[in-house]
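Asks: This one is run_33.pdb, PDB, C-alpha atoms.
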```pdb
ATOM      1  CA  MET A1076     -30.379   7.514  36.420  1.00  0.00           C
ATOM      2  CA  GLU A1077     -30.616   5.998  32.960  1.00  0.00           C
ATOM      3  CA  PHE A1078     -33.202   3.251  32.459  1.00  0.00           C
ATOM      4  CA  GLY A1079     -33.180   0.613  29.748  1.00  0.00           C
ATOM      5  CA  LYS A1080     -29.398   0.546  29.400  1.00  0.00           C
ATOM      6  CA  ASN A1081     -27.722  -2.846  28.965  1.00  0.00           C
ATOM      7  CA  LEU A1082     -25.777  -3.319  32.204  1.00  0.00           C
ATOM      8  CA  LEU A1083     -24.135  -6.563  31.106  1.00  0.00           C
ATOM      9  CA  GLY A1084     -21.964  -5.083  28.367  1.00  0.00           C
ATOM     10  CA  PRO A1085     -22.060  -3.503  24.946  1.00  0.00           C
ATOM     11  CA  GLU A1086     -25.081  -3.897  22.730  1.00  0.00           C
ATOM     12  CA  PRO A1087     -24.705  -6.335  19.808  1.00  0.00           C
ATOM     13  CA  THR A1088     -23.243  -4.877  16.642  1.00  0.00           C
ATOM     14  CA  LEU A1089     -25.413  -5.488  13.587  1.00  0.00           C
ATOM     15  CA  LEU A1090     -23.778  -4.914  10.221  1.00  0.00           C
ATOM     16  CA  PRO A1091     -25.893  -3.923   7.225  1.00  0.00           C
ATOM     17  CA  VAL A1092     -27.086  -6.804   5.060  1.00  0.00           C
ATOM     18  CA  GLU A1093     -25.269  -6.840   1.711  1.00  0.00           C
ATOM     19  CA  GLU A1094     -28.426  -7.167  -0.354  1.00  0.00           C
ATOM     20  CA  ASP A1095     -26.811  -6.583  -3.766  1.00  0.00           C
ATOM     21  CA  VAL A1096     -24.056  -9.118  -3.092  1.00  0.00           C
ATOM     22  CA  ALA A1097     -26.535 -11.699  -1.783  1.00  0.00           C
ATOM     23  CA  ALA A1098     -28.835 -11.216  -4.769  1.00  0.00           C
ATOM     24  CA  ARG A1099     -25.996 -11.546  -7.264  1.00  0.00           C
ATOM     25  CA  LEU A1100     -24.665 -14.670  -5.545  1.00  0.00           C
ATOM     26  CA  ALA A1101     -28.165 -16.152  -5.533  1.00  0.00           C
ATOM     27  CA  ALA A1102     -28.399 -15.384  -9.268  1.00  0.00           C
ATOM     28  CA  GLY A1103     -25.317 -17.531  -9.844  1.00  0.00           C
ATOM     29  CA  GLU A1104     -22.534 -14.966 -10.068  1.00  0.00           C
ATOM     30  CA  GLU A1105     -19.190 -16.118  -8.720  1.00  0.00           C
ATOM     31  CA  ALA A1106     -17.547 -14.534  -5.678  1.00  0.00           C
ATOM     32  CA  VAL A1107     -14.291 -14.107  -7.599  1.00  0.00           C
ATOM     33  CA  ASP A1108     -16.115 -11.997 -10.190  1.00  0.00           C
ATOM     34  CA  LEU A1109     -17.936  -9.921  -7.569  1.00  0.00           C
ATOM     35  CA  ALA A1110     -14.969  -9.168  -5.293  1.00  0.00           C
ATOM     36  CA  ALA A1111     -13.556  -6.448  -7.549  1.00  0.00           C
ATOM     37  CA  ALA A1112     -16.920  -4.670  -7.632  1.00  0.00           C
ATOM     38  CA  HIS A1113     -17.489  -5.167  -3.870  1.00  0.00           C
ATOM     39  CA  PRO A1114     -14.020  -5.189  -2.254  1.00  0.00           C
ATOM     40  CA  THR A1115     -15.405  -4.261   1.171  1.00  0.00           C
ATOM     41  CA  SER A1116     -17.604  -7.374   1.332  1.00  0.00           C
ATOM     42  CA  SER A1117     -16.365  -9.748   4.022  1.00  0.00           C
ATOM     43  CA  LEU A1118     -18.816 -12.324   2.710  1.00  0.00           C
ATOM     44  CA  LEU A1119     -17.129 -12.484  -0.693  1.00  0.00           C
ATOM     45  CA  TRP A1120     -13.664 -12.794   0.835  1.00  0.00           C
ATOM     46  CA  ALA A1121     -14.929 -15.532   3.169  1.00  0.00           C
ATOM     47  CA  ILE A1122     -16.380 -17.450   0.220  1.00  0.00           C
ATOM     48  CA  LEU A1123     -13.083 -17.124  -1.654  1.00  0.00           C
ATOM     49  CA  ALA A1124     -11.226 -18.325   1.462  1.00  0.00           C
ATOM     50  CA  ASP A1125     -13.515 -21.349   1.740  1.00  0.00           C
ATOM     51  CA  GLU A1126     -13.119 -22.202  -1.945  1.00  0.00           C
ATOM     52  CA  ALA A1127      -9.322 -21.930  -1.786  1.00  0.00           C
ATOM     53  CA  PHE A1128      -9.144 -24.009   1.400  1.00  0.00           C
ATOM     54  CA  ALA A1129     -11.336 -26.731  -0.116  1.00  0.00           C
ATOM     55  CA  GLN A1130      -8.938 -26.891  -3.075  1.00  0.00           C
ATOM     56  CA  GLY A1131      -5.882 -27.215  -0.837  1.00  0.00           C
ATOM     57  CA  ARG A1132      -4.652 -23.669  -1.504  1.00  0.00           C
ATOM     58  CA  THR A1133      -4.095 -22.853   2.156  1.00  0.00           C
ATOM     59  CA  ILE A1134      -1.937 -19.753   1.692  1.00  0.00           C
ATOM     60  CA  GLU A1135      -4.494 -18.215  -0.673  1.00  0.00           C
ATOM     61  CA  SER A1136      -7.235 -19.114   1.789  1.00  0.00           C
ATOM     62  CA  TYR A1137      -5.305 -17.357   4.539  1.00  0.00           C
ATOM     63  CA  ALA A1138      -4.873 -14.240   2.399  1.00  0.00           C
ATOM     64  CA  TYR A1139      -8.539 -14.113   1.384  1.00  0.00           C
ATOM     65  CA  ALA A1140      -9.660 -14.675   4.976  1.00  0.00           C
ATOM     66  CA  ARG A1141      -7.310 -11.988   6.306  1.00  0.00           C
ATOM     67  CA  THR A1142      -8.734  -9.517   3.762  1.00  0.00           C
ATOM     68  CA  GLY A1143     -12.298 -10.390   4.781  1.00  0.00           C
ATOM     69  CA  TYR A1144     -11.372 -10.101   8.457  1.00  0.00           C
ATOM     70  CA  HIS A1145      -9.895  -6.624   8.035  1.00  0.00           C
ATOM     71  CA  ARG A1146     -12.778  -5.443   5.851  1.00  0.00           C
ATOM     72  CA  GLY A1147     -15.122  -6.742   8.549  1.00  0.00           C
ATOM     73  CA  LEU A1148     -13.260  -4.934  11.324  1.00  0.00           C
ATOM     74  CA  ASP A1149     -13.607  -1.724   9.313  1.00  0.00           C
ATOM     75  CA  ALA A1150     -17.357  -2.331   8.923  1.00  0.00           C
ATOM     76  CA  LEU A1151     -17.771  -3.147  12.616  1.00  0.00           C
ATOM     77  CA  ARG A1152     -16.046   0.067  13.630  1.00  0.00           C
ATOM     78  CA  ARG A1153     -18.176   2.098  11.212  1.00  0.00           C
ATOM     79  CA  ASN A1154     -21.232   0.578  12.871  1.00  0.00           C
ATOM     80  CA  GLY A1155     -20.350   1.430  16.460  1.00  0.00           C
ATOM     81  CA  TRP A1156     -18.270  -1.549  17.590  1.00  0.00           C
ATOM     82  CA  ARG A1157     -15.577  -0.491  20.057  1.00  0.00           C
ATOM     83  CA  GLY A1158     -13.362  -3.564  20.094  1.00  0.00           C
ATOM     84  CA  ALA A1159     -15.597  -5.804  22.185  1.00  0.00           C
ATOM     85  CA  GLY A1160     -19.142  -7.020  22.381  1.00  0.00           C
ATOM     86  CA  PRO A1161     -21.448  -9.426  20.639  1.00  0.00           C
ATOM     87  CA  VAL A1162     -21.547  -9.822  16.862  1.00  0.00           C
ATOM     88  CA  PRO A1163     -24.424 -12.311  16.529  1.00  0.00           C
ATOM     89  CA  TYR A1164     -24.273 -14.855  13.721  1.00  0.00           C
ATOM     90  CA  ASP A1165     -28.060 -15.026  13.490  1.00  0.00           C
ATOM     91  CA  HIS A1166     -28.019 -11.511  11.986  1.00  0.00           C
ATOM     92  CA  GLU A1167     -27.398 -12.020   8.256  1.00  0.00           C
ATOM     93  CA  GLY A1168     -25.255  -8.893   7.917  1.00  0.00           C
ATOM     94  CA  ASN A1169     -22.703 -10.261  10.419  1.00  0.00           C
ATOM     95  CA  ARG A1170     -22.222 -13.632   8.741  1.00  0.00           C
ATOM     96  CA  GLY A1171     -19.596 -12.531   6.217  1.00  0.00           C
ATOM     97  CA  PHE A1172     -17.325 -11.150   8.930  1.00  0.00           C
ATOM     98  CA  LEU A1173     -17.789 -14.180  11.178  1.00  0.00           C
ATOM     99  CA  ARG A1174     -17.184 -16.582   8.276  1.00  0.00           C
ATOM    100  CA  ALA A1175     -13.987 -14.688   7.378  1.00  0.00           C
ATOM    101  CA  LEU A1176     -12.919 -14.802  11.034  1.00  0.00           C
ATOM    102  CA  TYR A1177     -13.527 -18.562  11.156  1.00  0.00           C
ATOM    103  CA  ALA A1178     -11.673 -19.078   7.855  1.00  0.00           C
ATOM    104  CA  LEU A1179      -8.711 -17.055   9.126  1.00  0.00           C
ATOM    105  CA  GLY A1180      -8.455 -19.193  12.244  1.00  0.00           C
ATOM    106  CA  ARG A1181      -8.727 -22.382  10.199  1.00  0.00           C
ATOM    107  CA  ALA A1182      -6.026 -21.299   7.743  1.00  0.00           C
ATOM    108  CA  ALA A1183      -3.773 -19.991  10.518  1.00  0.00           C
ATOM    109  CA  GLY A1184      -3.980 -23.371  12.219  1.00  0.00           C
ATOM    110  CA  ALA A1185      -3.244 -25.156   8.951  1.00  0.00           C
ATOM    111  CA  ILE A1186      -0.009 -23.199   8.417  1.00  0.00           C
ATOM    112  CA  GLY A1187       1.172 -23.690  11.999  1.00  0.00           C
ATOM    113  CA  GLU A1188       0.265 -20.267  13.394  1.00  0.00           C
ATOM    114  CA  ALA A1189      -1.071 -21.754  16.628  1.00  0.00           C
ATOM    115  CA  ASP A1190      -1.070 -18.475  18.582  1.00  0.00           C
ATOM    116  CA  GLU A1191      -3.029 -16.683  15.882  1.00  0.00           C
ATOM    117  CA  ALA A1192      -5.446 -19.586  15.503  1.00  0.00           C
ATOM    118  CA  ALA A1193      -6.103 -19.504  19.270  1.00  0.00           C
ATOM    119  CA  ARG A1194      -6.563 -15.721  19.285  1.00  0.00           C
ATOM    120  CA  ILE A1195      -8.965 -15.896  16.350  1.00  0.00           C
ATOM    121  CA  GLY A1196     -10.866 -18.774  17.980  1.00  0.00           C
ATOM    122  CA  LYS A1197     -11.327 -16.715  21.137  1.00  0.00           C
ATOM    123  CA  PHE A1198     -12.457 -13.708  19.087  1.00  0.00           C
ATOM    124  CA  LEU A1199     -15.043 -15.890  17.322  1.00  0.00           C
ATOM    125  CA  ILE A1200     -16.377 -17.265  20.624  1.00  0.00           C
ATOM    126  CA  ASP A1201     -16.434 -13.781  22.162  1.00  0.00           C
ATOM    127  CA  SER A1202     -18.360 -12.501  19.134  1.00  0.00           C
ATOM    128  CA  ASP A1203     -20.930 -15.303  19.214  1.00  0.00           C
ATOM    129  CA  PRO A1204     -20.443 -18.612  21.036  1.00  0.00           C
ATOM    130  CA  ALA A1205     -22.763 -20.333  18.534  1.00  0.00           C
ATOM    131  CA  ALA A1206     -21.070 -18.997  15.384  1.00  0.00           C
ATOM    132  CA  GLN A1207     -18.543 -21.796  14.850  1.00  0.00           C
ATOM    133  CA  ALA A1208     -21.158 -24.543  15.002  1.00  0.00           C
ATOM    134  CA  ALA A1209     -23.429 -22.606  12.640  1.00  0.00           C
ATOM    135  CA  ILE A1210     -20.608 -22.045  10.147  1.00  0.00           C
ATOM    136  CA  GLU A1211     -19.496 -25.667  10.281  1.00  0.00           C
ATOM    137  CA  ALA A1212     -23.093 -26.833   9.726  1.00  0.00           C
ATOM    138  CA  GLN A1213     -23.319 -25.018   6.383  1.00  0.00           C
TER
END
```
How does this structure look as structure tokens?
Replies:
Amino acid sequence: MEFGKNLLGPEPTLLPVEEDVAARLAAGEEAVDLAAAHPTSSLLWAILADEAFAQGRTIESYAYARTGYHRGLDALRRNGWRGAGPVPYDHEGNRGFLRALYALGRAAGAIGEADEAARIGKFLIDSDPAAQAAIEAQ
């Protein structure tokens, strides 16, 4: 018998913190300039999606968010995620993926992709029920 195993489901997936990206953003570098040097960063794609959406460029926002989403799925899989389980927003390394996921759902809804928006919304809630409120509070 194995003791200490989580019987309620998979353990949370915790992505590595993108320290270089965070430091460069904090130093004032722009996400658009950093994306070429860090194309696997979901955080950068999420920022670009947010910027495009705020400027009314919904299709660009959708494309940026979809890139961040897929880069995040790749990172999740590399870090042990098997298609289900918590991805907590309170862990800094997960925020880029969850922000890209949120942005994808928002853009999908804005272009009339109701089924995709609903699927993405469920994925966000399944990942972390508190993520949407935390993202919207930023």
Asks: Around all the atoms of stretch 1201-1212 of chain A listed in the file, draw an axis-aligned box and extend it by 4 Å on each of the six sides; I want its centre and edge lengths in Å to one decimal, as lines of an AutoDock Vina configuration file.
Replies:
```
center_x = -19.9
center_y = -19.7
center_z = 15.9
size_x = 15.0
size_y = 22.3
size_z = 20.4
```
Asks: Within 8 Å of A:Ala1183, counting all atoms listed in the file, which residues show up once you throw out same-chain ones fewer than 5 positions away? Write them as a JSON list (two decimals) with C-alpha atoms, keeping the file's coordinate frame, please.
Replies:
```json
[["chain", "number", "residue", "atom", "x", "y", "z"],
["A", 1137, "TYR", "CA", -5.30, -17.36, 4.54],
["A", 1188, "GLU", "CA", 0.26, -20.27, 13.39],
["A", 1189, "ALA", "CA", -1.07, -21.75, 16.63],
["A", 1191, "GLU", "CA", -3.03, -16.68, 15.88],
["A", 1192, "ALA", "CA", -5.45, -19.59, 15.50]]
```
Asks: Output the residue selection produced by the PyMOL selection byres ((chain A and resi 1176-1182) around 9) on the file above, formatted as a PyMOL selection string.
Replies: chain A and resi 1121+1124-1125+1128+1133-1134+1136-1141+1143-1144+1147+1171-1175+1183-1189+1191-1196+1198-1199+1206-1207+1210
Asks: For stretch 1151-1162 of chain A, work out the shell of residues within 8 Å, counting only C-alpha atoms and skipping chain neighbours fewer than 2 positions away, then give it as a ChimeraX atom specification.
Replies: /A:1084-1090,1147-1149,1164,1169,1201-1203
Asks: Tell me which protein, DNA and RNA residues are within 9 Å of A:Glu1093, counting all atoms listed in the file, leaving out same-chain ones fewer than 5 positions away, and put them as number ranges by chain.
Replies: A: 1098, 1116, 1118, 1167-1168
Asks: What does the file look like for those residues with C-alpha atoms, as a PDB file, in the coordinates of the input?
Replies:
```
ATOM      1  CA  ALA A1098     -28.835 -11.216  -4.769  1.00  0.00           C
ATOM      2  CA  SER A1116     -17.604  -7.374   1.332  1.00  0.00           C
ATOM      3  CA  LEU A1118     -18.816 -12.324   2.710  1.00  0.00           C
ATOM      4  CA  GLU A1167     -27.398 -12.020   8.256  1.00  0.00           C
ATOM      5  CA  GLY A1168     -25.255  -8.893   7.917  1.00  0.00           C
TER       6      GLY A1168
END
```
Asks: One decimal, in Å: what's the spacing between atom CA of A:Ala1150 and atom CA of A:Ile1122?
Replies: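 Distance between the two atoms: 17.5 Å.
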Asks: Here is a test: counting only C-alpha atoms, which residue of A:Ala1208, A:Val1092, A:Gln1213, A:Pro1163 is nearest to A:Ser1117?
Replies: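 Going through A:Ala1208, A:Val1092, A:Gln1213, A:Pro1163 one by one, the smallest distance to A:Ser1117 is for A:Val1092.
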Asks: So what do you get for atom CA of A:Val1096 versus atom CA of A:Lys1197, distance-wise?
Replies: 28.4 Å
Asks: Kindly give the distance, in Å, that separates atom CA of A:His1166 and atom CA of A:Glu1094, rounded to a single decimal.
Replies: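 That distance, rounded to one decimal, is 13.1 Å.
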Asks: I need the residue nearest A:Pro1204 from this list: A:Ala1106, A:Leu1100, A:Leu1123, A:Asp1165. Use only C-alpha atoms for the distance.
Replies: A:Asp1165
Asks: Select, from A:Ala1101, A:Gly1131, A:Arg1170, A:Asp1190, the residue with the minimum atom-to-atom distance to A:Ala1209, counting all atoms listed in the file.
Replies: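 Checking each of A:Ala1101, A:Gly1131, A:Arg1170, A:Asp1190 against A:Ala1209, counting all atoms listed in the file, the winner is A:Arg1170.
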